[in-house]
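Structure file query_16.txt; described as compact mmCIF, C-alpha atoms.
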# COMPACT_ATOMS: atom_id res chain seq x y z
CA MET Q 1 3.10 -26.78 -16.22
CA THR Q 2 2.29 -25.45 -12.76
CA ASN Q 3 4.40 -22.39 -13.57
CA ARG Q 4 2.19 -21.72 -16.54
CA LYS Q 5 -0.93 -22.01 -14.41
CA ILE Q 6 0.46 -19.62 -11.83
CA MET Q 7 1.39 -17.16 -14.58
CA LEU Q 8 -2.09 -17.36 -16.09
CA ALA Q 9 -3.69 -16.81 -12.69
CA VAL Q 10 -1.49 -13.76 -12.06
CA ALA Q 11 -2.28 -12.37 -15.52
CA ALA Q 12 -6.01 -12.92 -14.92
CA VAL Q 13 -5.93 -11.13 -11.55
CA PHE Q 14 -3.99 -8.28 -13.15
CA LEU Q 15 -6.47 -7.85 -16.03
CA VAL Q 16 -9.49 -8.00 -13.72
CA SER Q 17 -7.85 -5.37 -11.51
CA VAL Q 18 -7.23 -3.10 -14.51
CA CYS Q 19 -10.92 -3.34 -15.52
CA LEU Q 20 -12.10 -2.73 -11.95
CA SER Q 21 -9.71 0.22 -11.58
CA VAL Q 22 -11.19 1.94 -14.64
CA PHE Q 23 -14.67 1.33 -13.23
CA ILE Q 24 -13.70 2.61 -9.78
CA LEU Q 25 -12.12 5.80 -11.10
CA MET Q 26 -15.33 6.94 -12.84
CA PRO Q 27 -16.71 10.18 -11.33
CA SER Q 28 -19.73 9.94 -9.05
CA GLU Q 29 -23.26 11.27 -9.62
CA LYS Q 30 -24.02 11.46 -5.92
CA ARG Q 31 -23.94 14.71 -3.98
CA GLU Q 32 -24.39 13.45 -0.43
CA VAL Q 33 -21.06 13.37 1.43
CA GLU Q 34 -20.07 12.02 4.82
CA ILE Q 35 -17.00 12.33 7.01
CA VAL Q 36 -16.20 9.23 9.01
CA GLN Q 37 -13.63 8.74 11.74
CA ASN Q 38 -12.93 5.44 13.48
CA GLY Q 39 -16.07 3.98 11.92
CA THR Q 40 -18.44 6.67 13.26
CA VAL Q 41 -20.04 9.28 11.01
CA LEU Q 42 -19.11 12.78 12.19
CA TYR Q 43 -20.75 14.95 9.52
CA THR Q 44 -23.00 14.54 6.49
CA PHE Q 45 -23.95 17.18 3.95
CA ASP Q 46 -25.35 17.75 0.49
CA LEU Q 47 -22.61 19.25 -1.67
CA ASN Q 48 -25.15 21.14 -3.82
CA ARG Q 49 -26.56 22.97 -0.82
CA ALA Q 50 -23.59 23.14 1.55
CA GLU Q 51 -22.04 26.54 2.14
CA ASP Q 52 -18.33 27.00 1.63
CA ARG Q 53 -16.67 26.17 4.92
CA GLU Q 54 -13.68 24.61 6.60
CA ILE Q 55 -13.84 21.82 9.15
CA ARG Q 56 -10.97 20.92 11.40
CA ILE Q 57 -10.98 17.33 12.60
CA SER Q 58 -8.67 16.29 15.41
CA SER Q 59 -7.64 12.70 15.81
CA ALA Q 60 -6.95 10.70 18.96
CA ASP Q 61 -3.17 11.00 18.61
CA GLY Q 62 -3.27 14.80 18.59
CA GLY Q 63 -3.07 15.23 14.82
CA TYR Q 64 -5.57 17.03 12.63
CA ASN Q 65 -7.01 17.25 9.11
CA LEU Q 66 -8.50 20.40 7.61
CA ILE Q 67 -11.42 19.64 5.30
CA VAL Q 68 -12.51 22.33 2.84
CA ILE Q 69 -15.89 22.54 1.09
CA LYS Q 70 -15.89 24.97 -1.80
CA ASP Q 71 -18.18 25.40 -4.83
CA GLY Q 72 -19.74 21.96 -4.38
CA THR Q 73 -16.44 20.12 -4.05
CA ILE Q 74 -14.79 18.66 -0.97
CA CYS Q 75 -11.12 18.02 -0.29
CA ILE Q 76 -8.62 17.78 2.54
CA SER Q 77 -6.44 20.86 2.29
CA GLU Q 78 -4.12 20.30 5.21
CA ALA Q 79 -2.98 17.50 7.49
CA ASP Q 80 -0.12 17.13 9.92
CA CYS Q 81 0.77 13.57 8.99
CA PRO Q 82 4.09 12.96 7.26
CA ASP Q 83 2.78 11.26 4.11
CA GLN Q 84 0.20 13.91 3.04
CA THR Q 85 -1.54 11.36 0.82
CA CYS Q 86 -5.02 12.61 1.70
CA VAL Q 87 -4.03 16.17 0.67
CA LYS Q 88 -2.50 15.00 -2.61
CA MET Q 89 -5.65 13.03 -3.48
CA GLY Q 90 -7.41 16.31 -4.18
CA GLU Q 91 -11.18 16.59 -4.56
CA LEU Q 92 -13.52 13.74 -3.83
CA LYS Q 93 -14.71 12.47 -7.22
CA SER Q 94 -15.34 8.76 -7.25
CA ASP Q 95 -18.07 6.76 -5.55
CA TYR Q 96 -15.78 3.93 -4.67
CA LEU Q 97 -12.61 5.83 -3.85
CA PRO Q 98 -12.99 7.78 -0.66
CA ILE Q 99 -10.35 10.23 0.53
CA VAL Q 100 -8.60 8.26 3.22
CA CYS Q 101 -6.14 9.38 5.84
CA LEU Q 102 -4.64 6.17 7.17
CA PRO Q 103 -2.67 7.70 10.06
CA HIS Q 104 -5.76 9.49 11.42
CA LYS Q 105 -8.30 6.79 10.48
CA LEU Q 106 -10.38 9.39 8.65
CA ILE Q 107 -12.58 8.80 5.60
CA VAL Q 108 -14.38 11.35 3.40
CA ARG Q 109 -16.80 9.61 1.04
CA PHE Q 110 -20.08 9.82 -0.85
CA ALA Q 111 -23.00 8.55 1.23
CA GLU Q 112 -25.83 6.30 0.12
CA ASP Q 113 -28.87 8.31 -0.93
CA GLU Q 114 -31.53 8.10 1.73
CA SER Q 115 -34.43 8.96 -0.57
CA MET Y 1 24.02 -19.05 13.95
CA ASN Y 2 27.64 -18.26 13.28
CA ILE Y 3 29.16 -14.79 13.14
CA ARG Y 4 29.54 -14.79 9.38
CA ARG Y 5 25.84 -15.50 8.87
CA LEU Y 6 24.85 -12.89 11.43
CA THR Y 7 27.00 -10.26 9.75
CA GLU Y 8 25.52 -11.06 6.35
CA LEU Y 9 21.99 -10.70 7.72
CA ALA Y 10 22.88 -7.40 9.41
CA LEU Y 11 24.43 -6.15 6.18
CA LEU Y 12 21.35 -7.10 4.15
CA SER Y 13 19.06 -5.43 6.71
CA SER Y 14 21.04 -2.20 6.53
CA VAL Y 15 21.10 -2.28 2.72
CA ALA Y 16 17.31 -2.71 2.74
CA LEU Y 17 16.98 0.18 5.19
CA ILE Y 18 19.18 2.47 3.12
CA ILE Y 19 17.12 1.71 0.00
CA PHE Y 20 13.95 2.33 2.04
CA VAL Y 21 15.15 5.71 3.30
CA ILE Y 22 16.30 6.82 -0.16
CA GLU Y 23 12.95 5.78 -1.61
CA LEU Y 24 11.18 8.05 0.91
CA ARG Y 25 12.87 10.98 -0.85
CA ILE Y 26 11.44 10.06 -4.26
CA PRO Y 27 8.13 11.90 -4.78
CA ASN Y 28 5.21 9.54 -5.30
CA PRO Y 29 3.38 10.21 -8.58
CA PHE Y 30 0.28 8.27 -7.48
CA PRO Y 31 -1.77 10.04 -4.79
CA ILE Y 32 -3.27 6.78 -3.54
CA PRO Y 33 -2.62 5.62 0.03
CA GLY Y 34 -0.43 2.55 0.09
CA VAL Y 35 1.07 2.90 -3.39
CA LYS Y 36 4.84 2.57 -3.34
CA LEU Y 37 7.63 1.29 -5.50
CA GLY Y 38 8.96 -0.83 -2.65
CA LEU Y 39 12.55 -0.99 -3.84
CA ALA Y 40 13.64 -2.33 -0.45
CA ASN Y 41 11.88 -5.55 -1.37
CA ILE Y 42 14.69 -6.34 -3.79
CA VAL Y 43 16.55 -7.37 -0.64
CA THR Y 44 13.54 -9.33 0.66
CA VAL Y 45 13.18 -11.34 -2.54
CA TYR Y 46 16.93 -11.91 -2.65
CA ALA Y 47 16.87 -13.19 0.93
CA VAL Y 48 13.90 -15.46 0.20
CA PHE Y 49 15.94 -17.27 -2.44
CA ARG Y 50 19.32 -17.27 -0.69
CA TYR Y 51 18.58 -17.57 3.02
CA ARG Y 52 16.51 -19.68 5.38
CA PRO Y 53 12.89 -18.60 5.99
CA SER Y 54 13.60 -17.65 9.61
CA GLU Y 55 16.57 -15.54 8.53
CA THR Y 56 14.51 -13.77 5.87
CA ALA Y 57 11.83 -13.06 8.46
CA MET Y 58 14.49 -11.50 10.71
CA ILE Y 59 15.69 -9.16 7.93
CA VAL Y 60 12.12 -8.08 7.14
CA THR Y 61 11.24 -7.52 10.81
CA VAL Y 62 14.29 -5.34 11.39
CA ARG Y 63 13.57 -3.37 8.23
CA LEU Y 64 9.93 -2.82 9.17
CA LEU Y 65 10.60 -1.66 12.72
CA LEU Y 66 13.56 0.59 11.93
CA GLY Y 67 11.88 1.81 8.73
CA ALA Y 68 8.81 2.92 10.67
CA MET Y 69 11.10 4.78 13.08
CA PHE Y 70 13.20 6.44 10.36
CA SER Y 71 10.24 7.53 8.27
CA GLY Y 72 8.59 9.12 11.32
CA ASN Y 73 5.33 7.42 10.47
CA PRO Y 74 4.87 4.65 13.05
CA SER Y 75 1.12 4.38 12.42
CA ALA Y 76 1.87 3.02 8.96
CA LEU Y 77 3.65 0.10 10.62
CA LEU Y 78 0.47 -1.92 11.14
CA TYR Y 79 -0.42 -1.76 7.46
CA SER Y 80 3.05 -2.54 6.22
CA ALA Y 81 3.51 -5.33 8.77
CA ALA Y 82 0.25 -7.02 7.73
CA GLY Y 83 1.32 -6.74 4.10
CA ALA Y 84 4.82 -8.02 4.79
CA VAL Y 85 3.58 -11.10 6.67
CA CYS Y 86 1.24 -12.11 3.80
CA CYS Y 87 3.90 -11.37 1.21
CA LEU Y 88 6.59 -13.33 3.03
CA LEU Y 89 4.43 -16.40 3.66
CA GLY Y 90 3.37 -16.47 0.00
CA MET Y 91 6.88 -16.06 -1.36
CA LEU Y 92 8.36 -18.68 0.99
CA ALA Y 93 5.70 -21.13 -0.17
CA LEU Y 94 6.39 -20.32 -3.82
CA ARG Y 95 10.14 -20.72 -3.44
CA ARG Y 96 9.79 -24.49 -3.42
CA THR Y 97 7.86 -24.67 -6.68
CA LEU Y 98 9.33 -21.84 -8.74
CA PRO Y 99 12.69 -22.21 -10.48
CA GLU Y 100 15.18 -19.34 -10.25
CA LYS Y 101 14.42 -18.06 -13.73
CA HIS Y 102 10.86 -17.21 -12.65
CA ILE Y 103 11.79 -15.10 -9.65
CA TRP Y 104 9.99 -12.11 -11.12
CA LEU Y 105 6.75 -14.08 -10.87
CA CYS Y 106 7.39 -14.79 -7.19
CA SER Y 107 7.95 -11.08 -6.63
CA VAL Y 108 4.74 -10.12 -8.46
CA ILE Y 109 2.68 -12.57 -6.40
CA GLY Y 110 4.43 -11.33 -3.27
CA ALA Y 111 3.50 -7.75 -4.13
CA MET Y 112 -0.14 -8.72 -4.72
CA LEU Y 113 -0.28 -10.58 -1.40
CA HIS Y 114 1.28 -7.55 0.27
CA ASN Y 115 -1.52 -5.37 -1.08
CA ILE Y 116 -4.18 -7.84 0.05
CA GLY Y 117 -2.65 -7.89 3.54
CA GLN Y 118 -2.50 -4.10 3.63
CA ILE Y 119 -6.14 -3.73 2.67
CA THR Y 120 -7.23 -6.39 5.15
CA ALA Y 121 -5.43 -4.48 7.90
CA ALA Y 122 -7.05 -1.23 6.71
CA VAL Y 123 -10.53 -2.82 6.78
CA ILE Y 124 -9.96 -4.02 10.35
CA ILE Y 125 -8.39 -0.79 11.62
CA MET Y 126 -10.78 1.62 9.89
CA ARG Y 127 -13.82 -0.62 10.51
CA SER Y 128 -15.04 0.11 7.02
CA PHE Y 129 -15.34 -2.10 3.96
CA GLY Y 130 -15.16 0.99 1.75
CA VAL Y 131 -11.39 0.83 1.56
CA ILE Y 132 -11.60 -2.45 -0.39
CA ALA Y 133 -12.21 -0.26 -3.44
CA TYR Y 134 -8.52 0.56 -3.34
CA LEU Y 135 -7.57 -3.06 -3.82
CA PRO Y 136 -7.78 -3.18 -7.64
CA LEU Y 137 -5.72 0.02 -7.94
CA LEU Y 138 -3.18 -1.32 -5.48
CA LEU Y 139 -3.04 -4.66 -7.29
CA VAL Y 140 -2.32 -2.99 -10.64
CA THR Y 141 0.38 -0.64 -9.33
CA GLY Y 142 1.66 -3.27 -6.90
CA SER Y 143 2.17 -5.97 -9.50
CA LEU Y 144 4.01 -3.53 -11.78
CA ALA Y 145 6.26 -2.50 -8.89
CA GLY Y 146 6.68 -6.17 -7.98
CA LEU Y 147 7.65 -6.96 -11.56
CA PHE Y 148 10.33 -4.28 -11.44
CA THR Y 149 11.80 -5.34 -8.09
CA GLY Y 150 11.59 -8.99 -9.16
CA MET Y 151 13.58 -8.32 -12.32
CA CYS Y 152 16.17 -6.37 -10.30
CA THR Y 153 16.51 -9.37 -7.96
CA GLN Y 154 16.85 -11.74 -10.86
CA LEU Y 155 19.77 -9.70 -12.23
CA LEU Y 156 21.26 -9.59 -8.75
CA LEU Y 157 21.01 -13.35 -8.16
CA LYS Y 158 22.68 -14.03 -11.50
CA ARG Y 159 25.64 -11.81 -10.56
CA ILE Y 160 26.06 -12.83 -6.90
CA LYS Y 161 26.71 -16.53 -6.76

Please go through the file and, once you have read it, give me the structure as structure tokens.
Amino acid sequence: MTNRKIMLAVAAVFLVSVCLSVFILMPSEKREVEIVQNGTVLYTFDLNRAEDREIRISSADGGYNLIVIKDGTICISEADCPDQTCVKMGELKSDYLPIVCLPHKLIVRFAEDES
Amino acid sequence: MNIRRLTELALLSSVALIIFVIELRIPNPFPIPGVKLGLANIVTVYAVFRYRPSETAMIVTVRLLLGAMFSGNPSALLYSAAGAVCCLLGMLALRRTLPEKHIWLCSVIGAMLHNIGQITAAVIIMRSFGVIAYLPLLLVTGSLAGLFTGMCTQLLLKRIK
């Protein structure tokens, strides 16, 4: 009986996660982007107005990430960490899913609208 | 602890490490931080059901430390250690209640707890609640991976008596 309850609980958590995942993966309407490292905001810009540019961000342990803004999209194009997850994530699309570089404690995400 | 036991634990640790290193070579189809198949956990789940809790903890600790060294990514250690502690505590607690034919369930719950631990560590280290958004994605992929490793362990336990 307890096994059944545990199984039901696991199934419920799984289904809720599936629903939330679909919701989280929806593309964002926002255009305001911020780059955060170690909990402090380093840069903010409006993707509609920002010029194409590259930003190199160094981390405390000597590593770096190269952030590229191009045609109203933002992505991390280069990093010297071994896992390269932030590079593989591609462009920032979702509100809830920031580009995260765990080794360098770096986050690129959509900011709350101030207006 | 006698020599035989010690050798068995060392053997299991090295098997787990070999699986871990081979898995590093498999390209990850999901570009989400923290998503992994976690094949090395076949050994963890096996140890949970066949060895004492302290012995299982030893195997996992050795795997974590040496794994972080071999993968050349020591900063990932904090995340994986937080996940492993949650996962291990949960699975050791479940071992008492779950019969051996439901090992896959233990593994799935272990995987979910691992993800929760990982995200908690990420929230603390990154000082941002934003990373919680990854949790549902991690839970979905994690429980599927946990199901797979759990079924592998179940086959293994049936064969090795």

Give the residues of chain Y that lie within 7 Å of chain Q; count all atoms listed in the file, and format the answer as JSON, numbers by chain.
-> {"Y": [31, 32, 33, 73, 75, 76, 98, 126, 127, 128, 133, 134, 136, 137, 139, 140]}

How would you write as a ChimeraX atom specification the residues that get within 8 Å of (-1.1, 19.8, 7.2) in the file's frame, counting only C-alpha atoms?
-> /Q:64-66,77-81,84

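Atom pair CA of Leu89 in chain Y / CA of Asn41 in chain Y: separated by 14.1 Å.
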
Using only C-alpha atoms, find all polymer residues with an atom at most 12 Å away from the point (-12.3, 23.0, 8.4); report them as a compact mmCIF listing (two decimals) with C-alpha atoms, in the frame of the given file.
# COMPACT_ATOMS: atom_id res chain seq x y z
CA ILE Q 35 -17.00 12.33 7.01
CA TYR Q 43 -20.75 14.95 9.52
CA ASP Q 52 -18.33 27.00 1.63
CA ARG Q 53 -16.67 26.17 4.92
CA GLU Q 54 -13.68 24.61 6.60
CA ILE Q 55 -13.84 21.82 9.15
CA ARG Q 56 -10.97 20.92 11.40
CA ILE Q 57 -10.98 17.33 12.60
CA SER Q 58 -8.67 16.29 15.41
CA TYR Q 64 -5.57 17.03 12.63
CA ASN Q 65 -7.01 17.25 9.11
CA LEU Q 66 -8.50 20.40 7.61
CA ILE Q 67 -11.42 19.64 5.30
CA VAL Q 68 -12.51 22.33 2.84
CA ILE Q 69 -15.89 22.54 1.09
CA LYS Q 70 -15.89 24.97 -1.80
CA ILE Q 74 -14.79 18.66 -0.97
CA CYS Q 75 -11.12 18.02 -0.29
CA ILE Q 76 -8.62 17.78 2.54
CA SER Q 77 -6.44 20.86 2.29
CA GLU Q 78 -4.12 20.30 5.21
CA ALA Q 79 -2.98 17.50 7.49

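Each of Y:Leu24, Y:Leu17, Y:Leu39, Y:Leu12 was checked against Thr56 in chain Y using all atoms listed in the file; the smallest atom-to-atom distance is that of Y:Leu12.
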
Write out as number ranges by chain each polymer residue whose atoms come within 6 Å of range 112-125 of chain Y, counting only C-alpha atoms; drop sequence neighbours fewer than 2 positions from it.
-> Y: 79, 82-84, 86-87, 109-110, 127-129, 139, 143

Take CA of Val21 in chain Y and CA of Pro53 in chain Y and report the distance between them in Å, one decimal.
-> 24.6 Å

In terms of only C-alpha atoms, the residue from Y:Ala81, Y:Val35, Y:Ile3, Y:Tyr46 at minimal distance from Lys161 in chain Y is Y:Tyr46

In Å, with one decimal, what is the gap from CA of Pro27 in chain Y to CA of Val43 in chain Y?
->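 Computing the Euclidean distance for CA of Pro27 in chain Y and CA of Val43 in chain Y yields 21.4 Å.
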
Write out as an mmCIF file with C-alpha atoms, keeping the file's coordinate frame each polymer residue whose atoms come within 6 Å of Asp46 in chain Q, counting all atoms listed in the file; drop sequence neighbours fewer than 4 positions from it.
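selection.cif, written as the output of this step:
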data_model
loop_
_atom_site.group_PDB
_atom_site.id
_atom_site.type_symbol
_atom_site.label_atom_id
_atom_site.label_comp_id
_atom_site.auth_asym_id
_atom_site.auth_seq_id
_atom_site.Cartn_x
_atom_site.Cartn_y
_atom_site.Cartn_z
ATOM 1 C CA ARG Q 31 -23.940 14.710 -3.980
ATOM 2 C CA GLU Q 32 -24.390 13.450 -0.430
ATOM 3 C CA ALA Q 50 -23.590 23.140 1.550
#
